[in-house]
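Novice: Pasting target.pdb below, which is PDB, C-alpha atoms.
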```pdb
ATOM      1  CA  MET F   1     118.193 147.283  41.167  1.00  0.00           C
ATOM      2  CA  LYS F   2     116.250 144.379  39.734  1.00  0.00           C
ATOM      3  CA  GLU F   3     113.450 142.739  41.738  1.00  0.00           C
ATOM      4  CA  GLY F   4     115.392 139.459  41.837  1.00  0.00           C
ATOM      5  CA  ASN F   5     118.400 141.195  43.358  1.00  0.00           C
ATOM      6  CA  ASN F   6     116.210 142.735  46.072  1.00  0.00           C
ATOM      7  CA  MET F   7     114.756 139.341  46.930  1.00  0.00           C
ATOM      8  CA  GLN F   8     118.229 137.808  47.066  1.00  0.00           C
ATOM      9  CA  LEU F   9     119.419 140.580  49.377  1.00  0.00           C
ATOM     10  CA  LEU F  10     116.449 139.979  51.672  1.00  0.00           C
ATOM     11  CA  LEU F  11     117.014 136.216  51.601  1.00  0.00           C
ATOM     12  CA  ASP F  12     120.713 136.695  52.362  1.00  0.00           C
ATOM     13  CA  PHE F  13     119.829 138.948  55.291  1.00  0.00           C
ATOM     14  CA  VAL F  14     117.230 136.659  56.892  1.00  0.00           C
ATOM     15  CA  THR F  15     119.437 133.575  56.518  1.00  0.00           C
ATOM     16  CA  ASN F  16     122.637 135.200  57.774  1.00  0.00           C
ATOM     17  CA  PRO F  17     123.568 133.509  61.068  1.00  0.00           C
ATOM     18  CA  CYS F  18     125.122 136.777  62.263  1.00  0.00           C
ATOM     19  CA  VAL F  19     121.616 138.262  62.055  1.00  0.00           C
ATOM     20  CA  VAL F  20     119.431 135.262  62.944  1.00  0.00           C
ATOM     21  CA  ILE F  21     121.324 134.099  66.051  1.00  0.00           C
ATOM     22  CA  PRO F  22     121.561 137.521  67.783  1.00  0.00           C
ATOM     23  CA  LEU F  23     117.886 138.239  67.059  1.00  0.00           C
ATOM     24  CA  SER F  24     117.013 134.791  68.398  1.00  0.00           C
ATOM     25  CA  ALA F  25     119.062 135.520  71.535  1.00  0.00           C
ATOM     26  CA  TRP F  26     117.116 138.759  72.013  1.00  0.00           C
ATOM     27  CA  ILE F  27     113.778 136.960  71.586  1.00  0.00           C
ATOM     28  CA  ILE F  28     114.780 134.240  74.054  1.00  0.00           C
ATOM     29  CA  ALA F  29     115.943 136.839  76.597  1.00  0.00           C
ATOM     30  CA  GLN F  30     112.664 138.717  76.274  1.00  0.00           C
ATOM     31  CA  ILE F  31     110.630 135.517  76.717  1.00  0.00           C
ATOM     32  CA  VAL F  32     112.675 134.505  79.766  1.00  0.00           C
ATOM     33  CA  LYS F  33     112.275 138.032  81.168  1.00  0.00           C
ATOM     34  CA  THR F  34     108.506 137.761  80.739  1.00  0.00           C
ATOM     35  CA  ILE F  35     108.412 134.371  82.464  1.00  0.00           C
ATOM     36  CA  VAL F  36     110.585 135.587  85.352  1.00  0.00           C
ATOM     37  CA  ASN F  37     108.395 138.668  85.745  1.00  0.00           C
ATOM     38  CA  PHE F  38     105.285 136.459  85.771  1.00  0.00           C
ATOM     39  CA  CYS F  39     106.780 134.169  88.428  1.00  0.00           C
ATOM     40  CA  MET F  40     107.638 137.157  90.615  1.00  0.00           C
ATOM     41  CA  THR F  41     104.417 139.158  90.202  1.00  0.00           C
ATOM     42  CA  LYS F  42     101.879 136.450  89.259  1.00  0.00           C
ATOM     43  CA  GLU F  43     100.720 138.828  86.515  1.00  0.00           C
ATOM     44  CA  LEU F  44     101.369 138.339  82.812  1.00  0.00           C
ATOM     45  CA  ASN F  45     102.883 141.572  81.496  1.00  0.00           C
ATOM     46  CA  PHE F  46     103.280 141.417  77.718  1.00  0.00           C
ATOM     47  CA  GLU F  47     105.233 144.705  77.770  1.00  0.00           C
ATOM     48  CA  ARG F  48     108.176 142.641  79.056  1.00  0.00           C
ATOM     49  CA  LEU F  49     108.286 140.945  75.631  1.00  0.00           C
ATOM     50  CA  ILE F  50     109.301 144.162  73.882  1.00  0.00           C
ATOM     51  CA  GLY F  51     110.302 146.489  76.705  1.00  0.00           C
ATOM     52  CA  ASP F  52     113.780 147.428  77.834  1.00  0.00           C
ATOM     53  CA  GLY F  53     115.197 146.871  81.275  1.00  0.00           C
ATOM     54  CA  GLY F  54     115.053 143.914  83.582  1.00  0.00           C
ATOM     55  CA  MET F  55     116.973 140.686  83.517  1.00  0.00           C
ATOM     56  CA  PRO F  56     118.049 138.940  81.472  1.00  0.00           C
ATOM     57  CA  SER F  57     119.190 141.835  79.348  1.00  0.00           C
ATOM     58  CA  GLY F  58     118.035 141.632  75.744  1.00  0.00           C
ATOM     59  CA  HIS F  59     120.762 144.100  74.797  1.00  0.00           C
ATOM     60  CA  SER F  60     123.508 141.997  76.360  1.00  0.00           C
ATOM     61  CA  ALA F  61     122.144 138.771  74.880  1.00  0.00           C
ATOM     62  CA  THR F  62     122.031 140.326  71.426  1.00  0.00           C
ATOM     63  CA  VAL F  63     125.520 141.824  71.357  1.00  0.00           C
ATOM     64  CA  SER F  64     127.194 138.824  72.986  1.00  0.00           C
ATOM     65  CA  ALA F  65     125.503 136.481  70.486  1.00  0.00           C
ATOM     66  CA  LEU F  66     126.573 138.795  67.649  1.00  0.00           C
ATOM     67  CA  ALA F  67     130.200 138.856  68.798  1.00  0.00           C
ATOM     68  CA  THR F  68     130.190 135.077  69.180  1.00  0.00           C
ATOM     69  CA  MET F  69     128.708 134.495  65.723  1.00  0.00           C
ATOM     70  CA  VAL F  70     131.140 136.936  64.119  1.00  0.00           C
ATOM     71  CA  GLY F  71     133.980 135.081  65.833  1.00  0.00           C
ATOM     72  CA  PHE F  72     132.762 131.700  64.599  1.00  0.00           C
ATOM     73  CA  THR F  73     132.060 133.063  61.104  1.00  0.00           C
ATOM     74  CA  VAL F  74     135.190 135.074  60.308  1.00  0.00           C
ATOM     75  CA  GLY F  75     137.536 134.067  63.100  1.00  0.00           C
ATOM     76  CA  PHE F  76     138.259 135.214  66.611  1.00  0.00           C
ATOM     77  CA  ASP F  77     141.448 136.848  65.371  1.00  0.00           C
ATOM     78  CA  SER F  78     139.633 139.056  62.843  1.00  0.00           C
ATOM     79  CA  VAL F  79     139.039 142.790  62.858  1.00  0.00           C
ATOM     80  CA  GLU F  80     135.299 142.118  62.562  1.00  0.00           C
ATOM     81  CA  PHE F  81     135.309 140.071  65.770  1.00  0.00           C
ATOM     82  CA  ALA F  82     137.335 142.740  67.563  1.00  0.00           C
ATOM     83  CA  ILE F  83     134.786 145.388  66.556  1.00  0.00           C
ATOM     84  CA  ALA F  84     131.840 143.198  67.617  1.00  0.00           C
ATOM     85  CA  ALA F  85     133.502 142.224  70.915  1.00  0.00           C
ATOM     86  CA  VAL F  86     134.391 145.803  71.854  1.00  0.00           C
ATOM     87  CA  LEU F  87     130.864 146.913  70.944  1.00  0.00           C
ATOM     88  CA  ALA F  88     129.464 144.111  73.132  1.00  0.00           C
ATOM     89  CA  VAL F  89     131.608 145.169  76.093  1.00  0.00           C
ATOM     90  CA  VAL F  90     130.550 148.804  75.704  1.00  0.00           C
ATOM     91  CA  VAL F  91     126.843 147.920  75.457  1.00  0.00           C
ATOM     92  CA  MET F  92     126.964 145.529  78.435  1.00  0.00           C
ATOM     93  CA  HIS F  93     128.946 148.000  80.553  1.00  0.00           C
ATOM     94  CA  ASP F  94     126.501 150.772  79.698  1.00  0.00           C
ATOM     95  CA  ALA F  95     123.516 148.524  80.435  1.00  0.00           C
ATOM     96  CA  SER F  96     124.912 147.624  83.868  1.00  0.00           C
ATOM     97  CA  GLY F  97     125.606 151.298  84.598  1.00  0.00           C
ATOM     98  CA  VAL F  98     122.068 152.272  83.640  1.00  0.00           C
ATOM     99  CA  ARG F  99     120.674 149.553  85.910  1.00  0.00           C
ATOM    100  CA  LEU F 100     122.840 150.753  88.810  1.00  0.00           C
ATOM    101  CA  GLU F 101     121.804 154.389  88.380  1.00  0.00           C
ATOM    102  CA  THR F 102     118.150 153.404  88.007  1.00  0.00           C
ATOM    103  CA  SER F 103     118.259 151.486  91.278  1.00  0.00           C
ATOM    104  CA  LYS F 104     119.849 154.491  93.018  1.00  0.00           C
ATOM    105  CA  GLN F 105     117.140 156.780  91.641  1.00  0.00           C
ATOM    106  CA  ALA F 106     114.429 154.352  92.728  1.00  0.00           C
ATOM    107  CA  ALA F 107     115.817 154.287  96.283  1.00  0.00           C
ATOM    108  CA  THR F 108     115.884 158.092  96.370  1.00  0.00           C
ATOM    109  CA  ILE F 109     112.322 158.359  95.071  1.00  0.00           C
ATOM    110  CA  ILE F 110     111.111 155.811  97.630  1.00  0.00           C
ATOM    111  CA  SER F 111     112.808 157.811 100.402  1.00  0.00           C
ATOM    112  CA  MET F 112     111.211 161.030  99.163  1.00  0.00           C
ATOM    113  CA  VAL F 113     107.760 159.427  99.039  1.00  0.00           C
ATOM    114  CA  GLU F 114     108.217 158.129 102.603  1.00  0.00           C
ATOM    115  CA  VAL F 115     109.158 161.623 103.824  1.00  0.00           C
ATOM    116  CA  ILE F 116     106.155 163.152 102.026  1.00  0.00           C
ATOM    117  CA  ASN F 117     103.821 160.488 103.439  1.00  0.00           C
ATOM    118  CA  ASP F 118     105.074 161.180 106.977  1.00  0.00           C
ATOM    119  CA  TYR F 119     103.782 164.773 106.777  1.00  0.00           C
TER     120      TYR F 119
END
```
Please re-express this file's structure in structure tokens.
Specialist:
Amino acid sequence: MKEGNNMQLLLDFVTNPCVVIPLSAWIIAQIVKTIVNFCMTKELNFERLIGDGGMPSGHSATVSALATMVGFTVGFDSVEFAIAAVLAVVVMHDASGVRLETSKQAATIISMVEVINDY
């Protein structure tokens, strides 16, 4: 491939609203997550900017923004939107399930630590 074609591909990618908007949604979610964490703990934790977990969910923000942009770009009655929407539902359902299981595990670990500390 010619150098000009590579540059055009890169330019097309970084100006594609179906890429830019979901990535922007992820960045905003991560920033909000960092601010919320700071308000709750009074400590600035930069790991929240790139880390998984917590609310708002960067995963959910990304896939819902992607599905929305695909719908606006190619139509809400398109196969592409259907694929993006189903993917978004699966990701968000999985993310909520992981959060639920993590909270159950945390409660169990806390109970175990309390029992150990009582001895």
Novice: So how far away is CA of Met40 (chain F) from CA of Asp52 (chain F), in Å?
Specialist: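 Between these atoms lies a distance of 17.5 Å.
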Novice: Carefully work through the PyMOL selection byres ((chain F and resi 28-38) around 10) for this structure and note down the residues it includes, as a ChimeraX atom specification.
Specialist: /F:22-27,39-62
Novice: CA of Ile21 (chain F) to CA of Phe81 (chain F): how many Å, to one decimal?
Specialist: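 Separation of CA of Ile21 (chain F) and CA of Phe81 (chain F): 15.2 Å.
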Novice: What does the distance from CA of Gly71 (chain F) to CA of Ala88 (chain F) come to in Å, to one decimal?
Specialist: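 Result for CA of Gly71 (chain F) versus CA of Ala88 (chain F): 12.5 Å, one decimal.
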Novice: Neighbouring residues of Cys18 (chain F) were defined as those with any atom within 8 Å, considering all atoms listed in the file; residues of the same chain fewer than 5 positions away were excluded. Please report them as a list in words.
Specialist: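 What passes the distance filter is Leu66, Met69, Val70 and Thr73 of chain F.
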